Amino acid sequence: MDHRLHSMEATGAMPVSTGSLPPPETIRALVREAWERFAPVREGHVADYIPALAEADPALFGLCIAGVDGRSFAVGDAEHAFSIQSMSKPFVFALVCEALGGGIARERVGVNATGLPFNSVMAIELNAERTMNPMVNAGAIATTSLVPGTGIEAKWAFLREGLSRFAGRELTMDEGVYASEAATNQRNQGIARLLHGYGRLYADPDEATELYTRQCALNVTARDMAVMGATLADGGVNPVTRERVVEADRCQRVLAVMATAGLYEHSGDWLYEVGLPGKSGVAGGIVTIAPGKGGLGVFSPPLDAAGNSVRGQLATKFLSEGLGLNLFASRPVP
């Protein structure tokens, strides 16, 4: 029996179903094979609606798997820094759930998928909850508006320090990406004001947009994202620092929302093919979580039409199958 299950029973917590990753040599070989297999792919286009992101080298490609035991397996450009963008959304939601409680966060933000693009204004107008879920921009900005603190700098410190605890190291903001986004985020400003008008924003609209822009401009690597994902996979404990970042019950709520809405209007396809909670970002990152096992961070800037990394999706599907991670896979009892 998993040692974590013993500790949960001792505290009277709900039992969980977890497994373990394959042996290290298997992981290492499959990570290398995924990188070699998909590095030649030339499909997709680097994001250009944020000018700073348009400068990314489309050939960059890095993979990293981090297990809940603290071991990691990386290949390619896994140490290359890029902006976290929308991959910040599930982790900020986790921090807000930890600060306010999962019930309050669900009530104020929502957890249902929109089936529409990440920056859709139509989704706000069509749905009574307006924000819908924390994985799309409207819900993410609402989530950020719930961050505790008096004044914007105190709230920013909460965000940056919390995301740094997930990564196991201090994260810093890419000033160039921030300036580029701040100069072109009129749509997010409009979303924030629209939500404010509907009573679904919980701070000043300009402040909420500013904080959201800063959080998206934090620099990470594929290795960082693997560790951040593994922290959610291990019930909120960072596998490298062994620090508890959030409580275990917060993690399962976050993973549920990631599974239903993490890749926007392609979330159903993702779950069908990969079978794991995941979240993409327009700088080319994808973070994927295998509960109880570990996290996978992938970085490759060329995106599909929905804003998801093309190589990242291919590599994640390959590794989910090869490592036996799909949550819906099973074998009949002999």
# chains A, B, ... in the order shown; residues from 1 in each chain; ligands from 1
>>> residues_around(residues="region 309-313 of chain A", least_positions_apart="6", cutoff="7 Å", atoms="only C-alpha atoms", output="PyMOL selection string")
chain A and resi 38+41+43-44+284-286+298-303
>>> select_by_dssp(residues="region 21-218 of chain A", states="strand (DSSP E or B)", output="PyMOL selection string")
chain A and resi 45+62-67+72-76+82-83+173+218
>>> write_last_selection(atoms="C-alpha atoms", output="PDB file, in the first residue's frame")
ATOM      1  CA  HIS A  45       2.662  28.947 -35.667  1.00  0.00           C
ATOM      2  CA  GLY A  62      12.017  20.619 -24.244  1.00  0.00           C
ATOM      3  CA  LEU A  63      10.478  17.864 -22.125  1.00  0.00           C
ATOM      4  CA  CYS A  64      10.668  17.022 -18.439  1.00  0.00           C
ATOM      5  CA  ILE A  65       8.912  14.483 -16.231  1.00  0.00           C
ATOM      6  CA  ALA A  66       9.081  14.980 -12.456  1.00  0.00           C
ATOM      7  CA  GLY A  67       7.964  12.162 -10.212  1.00  0.00           C
ATOM      8  CA  SER A  72      13.169  14.148 -12.827  1.00  0.00           C
ATOM      9  CA  PHE A  73      13.939  13.181 -16.414  1.00  0.00           C
ATOM     10  CA  ALA A  74      14.619  15.972 -18.906  1.00  0.00           C
ATOM     11  CA  VAL A  75      15.672  16.291 -22.529  1.00  0.00           C
ATOM     12  CA  GLY A  76      16.109  19.049 -25.104  1.00  0.00           C
ATOM     13  CA  PHE A  82       9.646  31.181 -21.250  1.00  0.00           C
ATOM     14  CA  SER A  83       6.589  32.957 -19.864  1.00  0.00           C
ATOM     15  CA  MET A 173       8.815  38.237 -14.191  1.00  0.00           C
ATOM     16  CA  LEU A 218       6.470  34.975 -14.913  1.00  0.00           C
TER      17      LEU A 218
END
>>> residues_around(residues="Asp249 (chain A)", least_positions_apart="2", cutoff="9 Å", atoms="only C-alpha atoms", output="ChimeraX atom specification")
/A:102,235-236,246-247,251-254
>>> closest_residue(among="A:Gly322, A:Gly229, A:Gly139, A:Gly101", to="Ala208 (chain A)", atoms="only C-alpha atoms")
A:Gly139
>>> atom_distance(atom1="CA of Tyr272 (chain A)", atom2="CA of Phe328 (chain A)")
9.1 Å
>>> closest_residue(among="A:Val177, A:Ala29, A:Val237, A:Met225", to="Glu55 (chain A)", atoms="only C-alpha atoms")
A:Val177
>>> closest_residue(among="A:Leu171, A:Ala54, A:Leu60, A:Val96", to="Pro40 (chain A)", atoms="only C-alpha atoms")
A:Leu60
>>> closest_residue(among="A:Ala81, A:Leu319, A:Ala142, A:Leu95", to="Thr172 (chain A)", atoms="only C-alpha atoms")
A:Ala81
>>> atom_distance(atom1="CA of Glu36 (chain A)", atom2="CA of Ile84 (chain A)")
24.3 Å
>>> closest_residue(among="A:Ala138, A:Ile289, A:Leu211, A:Ala183", to="Met258 (chain A)", atoms="only C-alpha atoms")
A:Ile289
>>> closest_residue(among="A:Val136, A:Ala259, A:Ile141, A:Leu159", to="Leu195 (chain A)", atoms="only C-alpha atoms")
A:Ile141
>>> residues_around(residues="Thr288 (chain A)", least_positions_apart="6", cutoff="9 Å", atoms="only C-alpha atoms", output="PyMOL selection string")
chain A and resi 225-226+229-230+276-280+294-298+316
>>> write_last_selection(atoms="N, CA and C atoms", output="mmCIF file, in the first residue's frame")
data_model
loop_
_atom_site.group_PDB
_atom_site.id
_atom_site.type_symbol
_atom_site.label_atom_id
_atom_site.label_comp_id
_atom_site.auth_asym_id
_atom_site.auth_seq_id
_atom_site.Cartn_x
_atom_site.Cartn_y
_atom_site.Cartn_z
ATOM 1 N N MET A 225 7.705 23.467 -14.759
ATOM 2 C CA MET A 225 6.305 23.073 -14.925
ATOM 3 C C MET A 225 6.093 21.619 -14.526
ATOM 4 N N ALA A 226 7.097 20.776 -14.778
ATOM 5 C CA ALA A 226 6.991 19.382 -14.351
ATOM 6 C C ALA A 226 6.914 19.300 -12.831
ATOM 7 N N GLY A 229 3.553 20.605 -11.680
ATOM 8 C CA GLY A 229 2.547 19.580 -11.913
ATOM 9 C C GLY A 229 2.655 18.445 -10.906
ATOM 10 N N ALA A 230 3.888 18.050 -10.584
ATOM 11 C CA ALA A 230 4.091 16.977 -9.616
ATOM 12 C C ALA A 230 3.620 17.383 -8.224
ATOM 13 N N LEU A 276 -5.595 12.748 -19.154
ATOM 14 C CA LEU A 276 -5.000 13.355 -17.972
ATOM 15 C C LEU A 276 -5.359 14.833 -17.884
ATOM 16 N N PRO A 277 -5.406 15.413 -16.680
ATOM 17 C CA PRO A 277 -5.588 16.856 -16.557
ATOM 18 C C PRO A 277 -4.383 17.592 -17.126
ATOM 19 N N GLY A 278 -4.633 18.626 -17.902
ATOM 20 C CA GLY A 278 -3.537 19.399 -18.486
ATOM 21 C C GLY A 278 -3.904 20.854 -18.631
ATOM 22 N N LYS A 279 -2.891 21.696 -18.846
ATOM 23 C CA LYS A 279 -3.126 23.120 -19.081
ATOM 24 C C LYS A 279 -2.053 23.642 -20.008
ATOM 25 N N SER A 280 -2.496 24.391 -20.997
ATOM 26 C CA SER A 280 -1.586 24.952 -21.994
ATOM 27 C C SER A 280 -1.377 26.442 -21.762
ATOM 28 N N GLY A 294 3.163 11.924 -10.962
ATOM 29 C CA GLY A 294 4.086 13.001 -11.269
ATOM 30 C C GLY A 294 3.510 14.000 -12.242
ATOM 31 N N GLY A 295 4.371 14.902 -12.707
ATOM 32 C CA GLY A 295 3.972 15.942 -13.642
ATOM 33 C C GLY A 295 4.865 15.935 -14.866
ATOM 34 N N LEU A 296 4.318 16.393 -15.984
ATOM 35 C CA LEU A 296 5.048 16.499 -17.254
ATOM 36 C C LEU A 296 4.996 17.943 -17.722
ATOM 37 N N GLY A 297 6.164 18.512 -17.965
ATOM 38 C CA GLY A 297 6.258 19.846 -18.548
ATOM 39 C C GLY A 297 6.822 19.756 -19.947
ATOM 40 N N VAL A 298 6.147 20.392 -20.894
ATOM 41 C CA VAL A 298 6.578 20.390 -22.297
ATOM 42 C C VAL A 298 6.644 21.832 -22.780
ATOM 43 N N THR A 316 2.971 14.645 -25.320
ATOM 44 C CA THR A 316 2.239 14.267 -24.118
ATOM 45 C C THR A 316 1.390 13.026 -24.373
#
